[in-house]
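Shown below: query.cif, with mmCIF, C-alpha atoms; chains and numbers go by the auth columns.
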```cif
data_run
loop_
_atom_site.group_PDB
_atom_site.id
_atom_site.type_symbol
_atom_site.label_atom_id
_atom_site.label_comp_id
_atom_site.label_asym_id
_atom_site.label_seq_id
_atom_site.Cartn_x
_atom_site.Cartn_y
_atom_site.Cartn_z
_atom_site.B_iso_or_equiv
_atom_site.auth_seq_id
_atom_site.auth_asym_id
ATOM 1 C CA MET A 1 0.000 0.000 0.000 0.00 1 A
ATOM 2 C CA ARG A 2 1.327 3.406 -0.998 0.00 2 A
ATOM 3 C CA GLN A 3 0.035 6.924 -0.661 0.00 3 A
ATOM 4 C CA ALA A 4 0.763 10.318 -2.141 0.00 4 A
ATOM 5 C CA ALA A 5 -0.443 13.850 -1.463 0.00 5 A
ATOM 6 C CA GLN A 6 -0.238 17.167 -3.290 0.00 6 A
ATOM 7 C CA ILE A 7 -1.736 20.652 -3.152 0.00 7 A
ATOM 8 C CA LEU A 8 -3.158 21.788 -6.480 0.00 8 A
ATOM 9 C CA VAL A 9 -3.447 25.572 -6.857 0.00 9 A
ATOM 10 C CA VAL A 10 -6.401 26.750 -8.952 0.00 10 A
ATOM 11 C CA GLN A 11 -6.815 30.357 -10.058 0.00 11 A
ATOM 12 C CA THR A 12 -10.501 31.145 -10.478 0.00 12 A
ATOM 13 C CA PRO A 13 -11.793 34.003 -12.638 0.00 13 A
ATOM 14 C CA GLY A 14 -14.722 34.696 -10.300 0.00 14 A
ATOM 15 C CA GLN A 15 -18.055 32.920 -9.854 0.00 15 A
ATOM 16 C CA GLY A 16 -18.468 29.727 -11.815 0.00 16 A
ATOM 17 C CA LEU A 17 -17.104 26.283 -12.464 0.00 17 A
ATOM 18 C CA VAL A 18 -13.404 25.710 -13.227 0.00 18 A
ATOM 19 C CA GLU A 19 -12.614 22.248 -14.567 0.00 19 A
ATOM 20 C CA ILE A 20 -9.591 20.538 -13.005 0.00 20 A
ATOM 21 C CA THR A 21 -10.084 17.009 -14.384 0.00 21 A
ATOM 22 C CA ARG A 22 -6.978 17.069 -16.587 0.00 22 A
ATOM 23 C CA GLU A 23 -4.697 18.279 -13.775 0.00 23 A
ATOM 24 C CA VAL A 24 -6.075 15.763 -11.277 0.00 24 A
ATOM 25 C CA ALA A 25 -5.928 12.837 -13.722 0.00 25 A
ATOM 26 C CA GLY A 26 -2.357 13.753 -14.715 0.00 26 A
ATOM 27 C CA TRP A 27 -1.259 13.836 -11.088 0.00 27 A
ATOM 28 C CA VAL A 28 -2.927 10.468 -10.411 0.00 28 A
ATOM 29 C CA ARG A 29 -1.213 8.930 -13.452 0.00 29 A
ATOM 30 C CA ASP A 30 2.189 10.236 -12.294 0.00 30 A
ATOM 31 C CA GLN A 31 1.812 8.461 -8.927 0.00 31 A
ATOM 32 C CA ALA A 32 1.856 5.030 -10.603 0.00 32 A
ATOM 33 C CA ILE A 33 -0.820 3.702 -8.245 0.00 33 A
ATOM 34 C CA GLY A 34 -3.008 1.399 -10.301 0.00 34 A
ATOM 35 C CA THR A 35 -5.876 0.786 -7.891 0.00 35 A
ATOM 36 C CA GLY A 36 -6.874 2.991 -4.995 0.00 36 A
ATOM 37 C CA LEU A 37 -8.956 5.817 -3.654 0.00 37 A
ATOM 38 C CA LEU A 38 -8.473 9.478 -4.475 0.00 38 A
ATOM 39 C CA THR A 39 -9.669 12.139 -2.071 0.00 39 A
ATOM 40 C CA VAL A 40 -10.036 15.653 -3.474 0.00 40 A
ATOM 41 C CA PHE A 41 -10.518 18.319 -0.793 0.00 41 A
ATOM 42 C CA CYS A 42 -11.165 22.062 -1.207 0.00 42 A
ATOM 43 C CA ARG A 43 -9.407 24.044 1.536 0.00 43 A
ATOM 44 C CA HIS A 44 -11.943 26.891 1.528 0.00 44 A
ATOM 45 C CA THR A 45 -15.402 27.770 2.882 0.00 45 A
ATOM 46 C CA SER A 46 -16.593 29.908 -0.030 0.00 46 A
ATOM 47 C CA ALA A 47 -15.657 27.539 -2.871 0.00 47 A
ATOM 48 C CA SER A 48 -16.511 23.878 -3.341 0.00 48 A
ATOM 49 C CA LEU A 49 -16.034 20.795 -5.497 0.00 49 A
ATOM 50 C CA VAL A 50 -18.449 19.010 -7.806 0.00 50 A
ATOM 51 C CA ILE A 51 -18.405 16.209 -10.327 0.00 51 A
ATOM 52 C CA GLN A 52 -20.558 17.283 -13.226 0.00 52 A
ATOM 53 C CA GLU A 53 -21.088 16.846 -16.953 0.00 53 A
ATOM 54 C CA ASN A 54 -18.217 18.270 -18.964 0.00 54 A
ATOM 55 C CA ALA A 55 -19.729 18.004 -22.455 0.00 55 A
ATOM 56 C CA ASP A 56 -22.588 20.506 -22.677 0.00 56 A
ATOM 57 C CA PRO A 57 -21.760 23.931 -21.161 0.00 57 A
ATOM 58 C CA ASP A 58 -25.497 24.558 -20.659 0.00 58 A
ATOM 59 C CA VAL A 59 -25.407 22.049 -17.788 0.00 59 A
ATOM 60 C CA ARG A 60 -22.814 24.172 -15.997 0.00 60 A
ATOM 61 C CA ARG A 61 -24.726 27.400 -16.696 0.00 61 A
ATOM 62 C CA ASP A 62 -27.959 25.881 -15.398 0.00 62 A
ATOM 63 C CA LEU A 63 -26.191 24.567 -12.279 0.00 63 A
ATOM 64 C CA GLU A 64 -24.645 27.988 -11.623 0.00 64 A
ATOM 65 C CA ALA A 65 -28.073 29.642 -12.036 0.00 65 A
ATOM 66 C CA TRP A 66 -29.769 27.133 -9.711 0.00 66 A
ATOM 67 C CA VAL A 67 -27.159 27.589 -6.977 0.00 67 A
ATOM 68 C CA ALA A 68 -27.421 31.391 -7.273 0.00 68 A
ATOM 69 C CA GLN A 69 -31.216 31.194 -7.016 0.00 69 A
ATOM 70 C CA THR A 70 -31.090 28.771 -4.079 0.00 70 A
ATOM 71 C CA ALA A 71 -28.635 30.907 -2.060 0.00 71 A
ATOM 72 C CA PRO A 72 -29.111 34.445 -3.408 0.00 72 A
ATOM 73 C CA GLU A 73 -27.137 37.535 -2.550 0.00 73 A
ATOM 74 C CA SER A 74 -29.235 39.536 -0.109 0.00 74 A
ATOM 75 C CA GLY A 75 -28.865 42.315 2.402 0.00 75 A
ATOM 76 C CA ALA A 76 -30.740 40.102 4.867 0.00 76 A
ATOM 77 C CA TRP A 77 -27.687 37.948 5.717 0.00 77 A
ATOM 78 C CA ARG A 78 -25.950 38.900 8.980 0.00 78 A
ATOM 79 C CA HIS A 79 -22.511 37.804 7.802 0.00 79 A
ATOM 80 C CA GLN A 80 -21.338 40.261 5.127 0.00 80 A
ATOM 81 C CA ASP A 81 -17.759 40.901 6.265 0.00 81 A
ATOM 82 C CA GLU A 82 -16.448 40.753 2.698 0.00 82 A
ATOM 83 C CA GLY A 83 -19.518 41.987 0.848 0.00 83 A
ATOM 84 C CA PRO A 84 -22.964 40.798 -0.218 0.00 84 A
ATOM 85 C CA ASP A 85 -21.570 37.668 -1.929 0.00 85 A
ATOM 86 C CA ASP A 86 -19.867 36.497 1.297 0.00 86 A
ATOM 87 C CA MET A 87 -22.606 34.565 3.121 0.00 87 A
ATOM 88 C CA PRO A 88 -24.212 33.189 -0.066 0.00 88 A
ATOM 89 C CA ALA A 89 -20.788 31.772 -0.970 0.00 89 A
ATOM 90 C CA HIS A 90 -20.680 29.882 2.327 0.00 90 A
ATOM 91 C CA LEU A 91 -24.212 28.558 1.797 0.00 91 A
ATOM 92 C CA ARG A 92 -23.403 27.444 -1.743 0.00 92 A
ATOM 93 C CA ALA A 93 -20.315 25.587 -0.491 0.00 93 A
ATOM 94 C CA VAL A 94 -22.484 23.782 2.068 0.00 94 A
ATOM 95 C CA LEU A 95 -24.923 22.771 -0.693 0.00 95 A
ATOM 96 C CA THR A 96 -22.265 21.390 -3.009 0.00 96 A
ATOM 97 C CA GLY A 97 -19.580 20.121 -0.602 0.00 97 A
ATOM 98 C CA VAL A 98 -15.829 20.441 -0.272 0.00 98 A
ATOM 99 C CA GLN A 99 -14.704 16.805 -0.610 0.00 99 A
ATOM 100 C CA LEU A 100 -14.882 14.133 -3.290 0.00 100 A
ATOM 101 C CA SER A 101 -13.912 10.455 -3.060 0.00 101 A
ATOM 102 C CA ILE A 102 -13.109 8.924 -6.430 0.00 102 A
ATOM 103 C CA PRO A 103 -12.040 5.315 -7.066 0.00 103 A
ATOM 104 C CA VAL A 104 -8.822 4.907 -9.050 0.00 104 A
ATOM 105 C CA ILE A 105 -8.754 2.046 -11.546 0.00 105 A
ATOM 106 C CA ASP A 106 -5.865 1.402 -13.942 0.00 106 A
ATOM 107 C CA ALA A 107 -4.087 4.529 -12.611 0.00 107 A
ATOM 108 C CA ARG A 108 -7.011 6.786 -13.624 0.00 108 A
ATOM 109 C CA PRO A 109 -9.882 8.367 -11.717 0.00 109 A
ATOM 110 C CA ALA A 110 -12.899 6.135 -12.448 0.00 110 A
ATOM 111 C CA LEU A 111 -15.033 8.946 -13.831 0.00 111 A
ATOM 112 C CA GLY A 112 -17.872 8.333 -16.252 0.00 112 A
ATOM 113 C CA THR A 113 -17.644 9.313 -19.907 0.00 113 A
ATOM 114 C CA TRP A 114 -19.135 12.786 -19.424 0.00 114 A
ATOM 115 C CA GLN A 115 -17.982 13.474 -15.868 0.00 115 A
ATOM 116 C CA GLY A 116 -15.502 16.203 -14.965 0.00 116 A
ATOM 117 C CA ILE A 117 -14.094 17.459 -11.665 0.00 117 A
ATOM 118 C CA TYR A 118 -14.744 21.138 -10.974 0.00 118 A
ATOM 119 C CA VAL A 119 -13.831 23.779 -8.445 0.00 119 A
ATOM 120 C CA PHE A 120 -17.019 25.780 -7.944 0.00 120 A
ATOM 121 C CA GLU A 121 -16.081 29.374 -7.149 0.00 121 A
ATOM 122 C CA HIS A 122 -18.865 31.111 -5.262 0.00 122 A
ATOM 123 C CA ARG A 123 -17.289 34.563 -4.860 0.00 123 A
ATOM 124 C CA ARG A 124 -17.564 37.283 -7.524 0.00 124 A
ATOM 125 C CA ARG A 125 -13.902 38.200 -7.655 0.00 125 A
ATOM 126 C CA PRO A 126 -11.008 35.924 -8.707 0.00 126 A
ATOM 127 C CA HIS A 127 -9.380 33.788 -6.032 0.00 127 A
ATOM 128 C CA ARG A 128 -6.376 31.530 -5.626 0.00 128 A
ATOM 129 C CA ARG A 129 -7.867 28.270 -4.382 0.00 129 A
ATOM 130 C CA GLU A 130 -6.032 25.279 -2.947 0.00 130 A
ATOM 131 C CA VAL A 131 -7.251 21.750 -3.537 0.00 131 A
ATOM 132 C CA ALA A 132 -5.607 18.935 -1.566 0.00 132 A
ATOM 133 C CA LEU A 133 -5.202 15.627 -3.387 0.00 133 A
ATOM 134 C CA HIS A 134 -4.586 12.392 -1.493 0.00 134 A
ATOM 135 C CA LEU A 135 -4.235 9.012 -3.165 0.00 135 A
ATOM 136 C CA ILE A 136 -3.916 5.684 -1.383 0.00 136 A
ATOM 137 C CA GLY A 137 -3.611 2.305 -3.043 0.00 137 A
ATOM 138 C CA GLY A 138 -1.276 -0.092 -4.729 0.00 138 A
#
```

Can you give me the file's structure in the form of structure tokens?
Amino acid sequence: MRQAAQILVVQTPGQGLVEITREVAGWVRDQAIGTGLLTVFCRHTSASLVIQENADPDVRRDLEAWVAQTAPESGAWRHQDEGPDDMPAHLRAVLTGVQLSIPVIDARPALGTWQGIYVFEHRRRPHRREVALHLIGG
């Protein structure tokens, strides 16, 4: 049994989904662990992680719109230390989650044909996000 860990830095352009599938899959391949479990963990409370369709961009746009409608920016939130998008960003991260567990088979994340791994930025301005990768297996 072996394990490996790495911090992946992701620069986001502002609100929306940033695909990191290629970077994650490349890192997994480089570890030469054929079978195992990959944990992907977002080290933030106002960004999150999702596995979502990576073929039709309308899916991502609809998901972004749904999340914005479900946790809207509003002056009613008590926590607004960094602006009106602050508390909604925290709520959106709770809805979507900050951790993924992905099986690794044949040294590749066992994603479906149309699945991609995304950092979901919930703040309006660009951010430097850190995503921890941990792989265990043999």

Selection near Gly75 of chain A, 12 Å with all atoms listed in the file, sequence-local residues under 2 positions removed, as a PyMOL selection string: chain A and resi 72-73+77-81+83-88

File dump, residues just selected, C-alpha atoms, as a PDB file, keeping the file's coordinate frame:
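Okay, result_32.pdb is ready:
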```pdb
ATOM      1  CA  PRO A  72     -29.111  34.445  -3.408  1.00  0.00           C
ATOM      2  CA  GLU A  73     -27.137  37.535  -2.550  1.00  0.00           C
ATOM      3  CA  TRP A  77     -27.687  37.948   5.717  1.00  0.00           C
ATOM      4  CA  ARG A  78     -25.950  38.900   8.980  1.00  0.00           C
ATOM      5  CA  HIS A  79     -22.511  37.804   7.802  1.00  0.00           C
ATOM      6  CA  GLN A  80     -21.338  40.261   5.127  1.00  0.00           C
ATOM      7  CA  ASP A  81     -17.759  40.901   6.265  1.00  0.00           C
ATOM      8  CA  GLY A  83     -19.518  41.987   0.848  1.00  0.00           C
ATOM      9  CA  PRO A  84     -22.964  40.798  -0.218  1.00  0.00           C
ATOM     10  CA  ASP A  85     -21.570  37.668  -1.929  1.00  0.00           C
ATOM     11  CA  ASP A  86     -19.867  36.497   1.297  1.00  0.00           C
ATOM     12  CA  MET A  87     -22.606  34.565   3.121  1.00  0.00           C
ATOM     13  CA  PRO A  88     -24.212  33.189  -0.066  1.00  0.00           C
TER      14      PRO A  88
END
```

Could you tell me how far atom CA of Arg2 of chain A lies from atom CA of Ile33 of chain A, in Å and to one decimal?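 Atom-to-atom, atom CA of Arg2 of chain A and atom CA of Ile33 of chain A are spaced 7.6 Å apart.
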
Can you write out as a Markdown table which residues of segment 74-131 of chain A fall within 7 Å of segment 39-53 of chain A, alongside each residue's closest atom pair and its distance in Å to one decimal, counting all atoms listed in the file and ordering rows by chain and ascending residue number?
```
| residue | atom | partner | partner_atom | distance |
| --- | --- | --- | --- | --- |
| A:Ala89 | CA | A:Ser46 | CA | 4.7 |
| A:His90 | CA | A:Ser46 | CA | 4.7 |
| A:Ala93 | CA | A:Ser48 | CA | 5.1 |
| A:Thr96 | CA | A:Ser48 | CA | 6.3 |
| A:Gly97 | CA | A:Ser48 | CA | 5.6 |
| A:Val98 | CA | A:Ser48 | CA | 4.7 |
| A:Gln99 | CA | A:Phe41 | CA | 4.5 |
| A:Leu100 | CA | A:Val40 | CA | 5.1 |
| A:Ser101 | CA | A:Thr39 | CA | 4.7 |
| A:Ile102 | CA | A:Thr39 | CA | 6.4 |
| A:Trp114 | CA | A:Glu53 | CA | 5.1 |
| A:Gln115 | CA | A:Glu53 | CA | 4.7 |
| A:Gly116 | CA | A:Gln52 | CA | 5.5 |
| A:Ile117 | CA | A:Ile51 | CA | 4.7 |
| A:Tyr118 | CA | A:Val50 | CA | 5.3 |
| A:Val119 | CA | A:Leu49 | CA | 4.7 |
| A:Phe120 | CA | A:Ser48 | CA | 5.0 |
| A:Glu121 | CA | A:Ala47 | CA | 4.7 |
| A:His122 | CA | A:Ala47 | CA | 5.4 |
| A:Arg123 | CA | A:Ser46 | CA | 6.7 |
| A:Glu130 | CA | A:Arg43 | CA | 5.7 |
| A:Val131 | CA | A:Cys42 | CA | 4.6 |
```

For a quick check of understanding, using only C-alpha atoms, which of A:Gln69, A:Asn54, A:Gln6, A:Thr113 has the smallest distance to Val28 of chain A?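 Looking only at the distances to Val28 of chain A, the closest residue turns out to be A:Gln6.
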
Could you list the residues chosen by the PyMOL selection byres ((chain A and resi 127) around 7) in this structure as a PyMOL selection string? chain A and resi 11-12+14+125-126+128-129

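Non-sequential neighbours of Thr35 of chain A (distance at most 7 Å, separation of 5 or more positions within a chain, only C-alpha atoms) are Val104, Ile105, Asp106, Ala107, Gly137 and Gly138 of chain A.
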
Output file for the selection above: C-alpha atoms, as a PDB file, in the frame of the given file:
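This is the output file out14.pdb:
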```pdb
ATOM      1  CA  VAL A 104      -8.822   4.907  -9.050  1.00  0.00           C
ATOM      2  CA  ILE A 105      -8.754   2.046 -11.546  1.00  0.00           C
ATOM      3  CA  ASP A 106      -5.865   1.402 -13.942  1.00  0.00           C
ATOM      4  CA  ALA A 107      -4.087   4.529 -12.611  1.00  0.00           C
ATOM      5  CA  GLY A 137      -3.611   2.305  -3.043  1.00  0.00           C
ATOM      6  CA  GLY A 138      -1.276  -0.092  -4.729  1.00  0.00           C
TER       7      GLY A 138
END
```

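Nearest to Ala65 of chain A of all the residues A:Gly16, A:Gly26, A:Val94, A:Leu38 is A:Gly16, based on only C-alpha atoms.
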
So what do you get for atom CA of Arg29 of chain A versus atom CA of Leu111 of chain A, distance-wise?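 So the answer is 13.8 Å.
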
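For the choices A:Leu17, A:Ala55, A:Leu95, A:Val24, the atom-to-atom distance to Thr70 of chain A is smallest for A:Leu95 when using only C-alpha atoms.
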
If you count only C-alpha atoms, which residues fall within 10 Å of Ala5 of chain A, apart from same-chain ones fewer than 2 positions away, as an mmCIF file with C-alpha atoms, in the frame of the given file?
```cif
data_model
loop_
_atom_site.group_PDB
_atom_site.id
_atom_site.type_symbol
_atom_site.label_atom_id
_atom_site.label_comp_id
_atom_site.auth_asym_id
_atom_site.auth_seq_id
_atom_site.Cartn_x
_atom_site.Cartn_y
_atom_site.Cartn_z
ATOM 1 C CA GLN A 3 0.035 6.924 -0.661
ATOM 2 C CA ILE A 7 -1.736 20.652 -3.152
ATOM 3 C CA LEU A 8 -3.158 21.788 -6.480
ATOM 4 C CA TRP A 27 -1.259 13.836 -11.088
ATOM 5 C CA VAL A 28 -2.927 10.468 -10.411
ATOM 6 C CA GLN A 31 1.812 8.461 -8.927
ATOM 7 C CA LEU A 38 -8.473 9.478 -4.475
ATOM 8 C CA THR A 39 -9.669 12.139 -2.071
ATOM 9 C CA VAL A 40 -10.036 15.653 -3.474
ATOM 10 C CA ALA A 132 -5.607 18.935 -1.566
ATOM 11 C CA LEU A 133 -5.202 15.627 -3.387
ATOM 12 C CA HIS A 134 -4.586 12.392 -1.493
ATOM 13 C CA LEU A 135 -4.235 9.012 -3.165
ATOM 14 C CA ILE A 136 -3.916 5.684 -1.383
#
```

Atom CA of Asp62 of chain A to atom CA of Ile20 of chain A, distance in Å rounded to a single decimal: 19.3 Å

Restore all heavy atoms in segment 98-109 of chain A and list the result as a PDB file, keeping the file's coordinate frame.
```pdb
ATOM      1  N   VAL A  98     -17.246  20.103  -0.076  1.00  0.00           N
ATOM      2  CA  VAL A  98     -15.829  20.441  -0.272  1.00  0.00           C
ATOM      3  C   VAL A  98     -14.940  19.214  -0.442  1.00  0.00           C
ATOM      4  O   VAL A  98     -13.728  19.343  -0.548  1.00  0.00           O
ATOM      5  CB  VAL A  98     -15.296  21.316   0.887  1.00  0.00           C
ATOM      6  CG1 VAL A  98     -16.005  22.660   0.921  1.00  0.00           C
ATOM      7  CG2 VAL A  98     -15.394  20.598   2.222  1.00  0.00           C
ATOM      8  N   GLN A  99     -15.517  18.013  -0.484  1.00  0.00           N
ATOM      9  CA  GLN A  99     -14.704  16.805  -0.610  1.00  0.00           C
ATOM     10  C   GLN A  99     -15.328  15.822  -1.582  1.00  0.00           C
ATOM     11  O   GLN A  99     -16.549  15.638  -1.599  1.00  0.00           O
ATOM     12  CB  GLN A  99     -14.562  16.127   0.750  1.00  0.00           C
ATOM     13  CG  GLN A  99     -13.769  14.843   0.679  1.00  0.00           C
ATOM     14  CD  GLN A  99     -13.636  14.189   2.027  1.00  0.00           C
ATOM     15  OE1 GLN A  99     -13.270  14.845   2.983  1.00  0.00           O
ATOM     16  NE2 GLN A  99     -13.940  12.908   2.105  1.00  0.00           N
ATOM     17  N   LEU A 100     -14.467  15.190  -2.373  1.00  0.00           N
ATOM     18  CA  LEU A 100     -14.882  14.133  -3.290  1.00  0.00           C
ATOM     19  C   LEU A 100     -14.033  12.896  -3.019  1.00  0.00           C
ATOM     20  O   LEU A 100     -12.837  13.020  -2.744  1.00  0.00           O
ATOM     21  CB  LEU A 100     -14.671  14.563  -4.748  1.00  0.00           C
ATOM     22  CG  LEU A 100     -15.348  15.846  -5.210  1.00  0.00           C
ATOM     23  CD1 LEU A 100     -14.850  16.223  -6.600  1.00  0.00           C
ATOM     24  CD2 LEU A 100     -16.856  15.678  -5.201  1.00  0.00           C
ATOM     25  N   SER A 101     -14.634  11.732  -3.116  1.00  0.00           N
ATOM     26  CA  SER A 101     -13.912  10.455  -3.060  1.00  0.00           C
ATOM     27  C   SER A 101     -14.123   9.770  -4.399  1.00  0.00           C
ATOM     28  O   SER A 101     -15.273   9.528  -4.797  1.00  0.00           O
ATOM     29  CB  SER A 101     -14.451   9.569  -1.941  1.00  0.00           C
ATOM     30  OG  SER A 101     -14.212  10.155  -0.691  1.00  0.00           O
ATOM     31  N   ILE A 102     -13.028   9.469  -5.082  1.00  0.00           N
ATOM     32  CA  ILE A 102     -13.109   8.924  -6.430  1.00  0.00           C
ATOM     33  C   ILE A 102     -12.259   7.657  -6.503  1.00  0.00           C
ATOM     34  O   ILE A 102     -11.053   7.707  -6.234  1.00  0.00           O
ATOM     35  CB  ILE A 102     -12.611   9.951  -7.471  1.00  0.00           C
ATOM     36  CG1 ILE A 102     -13.391  11.264  -7.347  1.00  0.00           C
ATOM     37  CG2 ILE A 102     -12.714   9.369  -8.884  1.00  0.00           C
ATOM     38  CD1 ILE A 102     -12.802  12.412  -8.143  1.00  0.00           C
ATOM     39  N   PRO A 103     -12.850   6.519  -6.886  1.00  0.00           N
ATOM     40  CA  PRO A 103     -12.040   5.315  -7.066  1.00  0.00           C
ATOM     41  C   PRO A 103     -11.008   5.530  -8.171  1.00  0.00           C
ATOM     42  O   PRO A 103     -11.257   6.259  -9.143  1.00  0.00           O
ATOM     43  CB  PRO A 103     -13.052   4.252  -7.489  1.00  0.00           C
ATOM     44  CG  PRO A 103     -14.386   4.801  -7.108  1.00  0.00           C
ATOM     45  CD  PRO A 103     -14.258   6.299  -7.166  1.00  0.00           C
ATOM     46  N   VAL A 104      -9.856   4.901  -8.017  1.00  0.00           N
ATOM     47  CA  VAL A 104      -8.822   4.907  -9.050  1.00  0.00           C
ATOM     48  C   VAL A 104      -8.702   3.489  -9.576  1.00  0.00           C
ATOM     49  O   VAL A 104      -8.495   2.544  -8.802  1.00  0.00           O
ATOM     50  CB  VAL A 104      -7.475   5.418  -8.497  1.00  0.00           C
ATOM     51  CG1 VAL A 104      -6.357   5.213  -9.501  1.00  0.00           C
ATOM     52  CG2 VAL A 104      -7.595   6.892  -8.114  1.00  0.00           C
ATOM     53  N   ILE A 105      -8.857   3.340 -10.879  1.00  0.00           N
ATOM     54  CA  ILE A 105      -8.754   2.046 -11.546  1.00  0.00           C
ATOM     55  C   ILE A 105      -7.830   2.215 -12.736  1.00  0.00           C
ATOM     56  O   ILE A 105      -7.988   3.152 -13.526  1.00  0.00           O
ATOM     57  CB  ILE A 105     -10.140   1.559 -12.017  1.00  0.00           C
ATOM     58  CG1 ILE A 105     -11.099   1.436 -10.816  1.00  0.00           C
ATOM     59  CG2 ILE A 105     -10.037   0.234 -12.766  1.00  0.00           C
ATOM     60  CD1 ILE A 105     -12.549   1.195 -11.194  1.00  0.00           C
ATOM     61  N   ASP A 106      -6.847   1.322 -12.851  1.00  0.00           N
ATOM     62  CA  ASP A 106      -5.865   1.402 -13.942  1.00  0.00           C
ATOM     63  C   ASP A 106      -5.171   2.760 -13.964  1.00  0.00           C
ATOM     64  O   ASP A 106      -4.976   3.363 -15.024  1.00  0.00           O
ATOM     65  CB  ASP A 106      -6.512   1.115 -15.300  1.00  0.00           C
ATOM     66  CG  ASP A 106      -7.039  -0.310 -15.403  1.00  0.00           C
ATOM     67  OD1 ASP A 106      -6.443  -1.208 -14.773  1.00  0.00           O
ATOM     68  OD2 ASP A 106      -8.059  -0.523 -16.096  1.00  0.00           O
ATOM     69  N   ALA A 107      -4.826   3.269 -12.791  1.00  0.00           N
ATOM     70  CA  ALA A 107      -4.087   4.529 -12.611  1.00  0.00           C
ATOM     71  C   ALA A 107      -4.838   5.754 -13.146  1.00  0.00           C
ATOM     72  O   ALA A 107      -4.227   6.758 -13.497  1.00  0.00           O
ATOM     73  CB  ALA A 107      -2.689   4.444 -13.218  1.00  0.00           C
ATOM     74  N   ARG A 108      -6.186   5.656 -13.172  1.00  0.00           N
ATOM     75  CA  ARG A 108      -7.011   6.786 -13.624  1.00  0.00           C
ATOM     76  C   ARG A 108      -8.217   6.945 -12.711  1.00  0.00           C
ATOM     77  O   ARG A 108      -8.784   5.944 -12.264  1.00  0.00           O
ATOM     78  CB  ARG A 108      -7.516   6.547 -15.050  1.00  0.00           C
ATOM     79  CG  ARG A 108      -6.427   6.549 -16.092  1.00  0.00           C
ATOM     80  CD  ARG A 108      -7.003   6.520 -17.487  1.00  0.00           C
ATOM     81  NE  ARG A 108      -8.156   5.641 -17.599  1.00  0.00           N
ATOM     82  CZ  ARG A 108      -8.330   4.731 -18.548  1.00  0.00           C
ATOM     83  NH1 ARG A 108      -7.441   4.591 -19.495  1.00  0.00           N
ATOM     84  NH2 ARG A 108      -9.401   3.969 -18.573  1.00  0.00           N
ATOM     85  N   PRO A 109      -8.624   8.187 -12.451  1.00  0.00           N
ATOM     86  CA  PRO A 109      -9.882   8.367 -11.717  1.00  0.00           C
ATOM     87  C   PRO A 109     -11.005   7.687 -12.493  1.00  0.00           C
ATOM     88  O   PRO A 109     -11.108   7.833 -13.711  1.00  0.00           O
ATOM     89  CB  PRO A 109     -10.073   9.883 -11.698  1.00  0.00           C
ATOM     90  CG  PRO A 109      -8.700  10.454 -11.916  1.00  0.00           C
ATOM     91  CD  PRO A 109      -7.991   9.464 -12.803  1.00  0.00           C
TER      92      PRO A 109
END
```
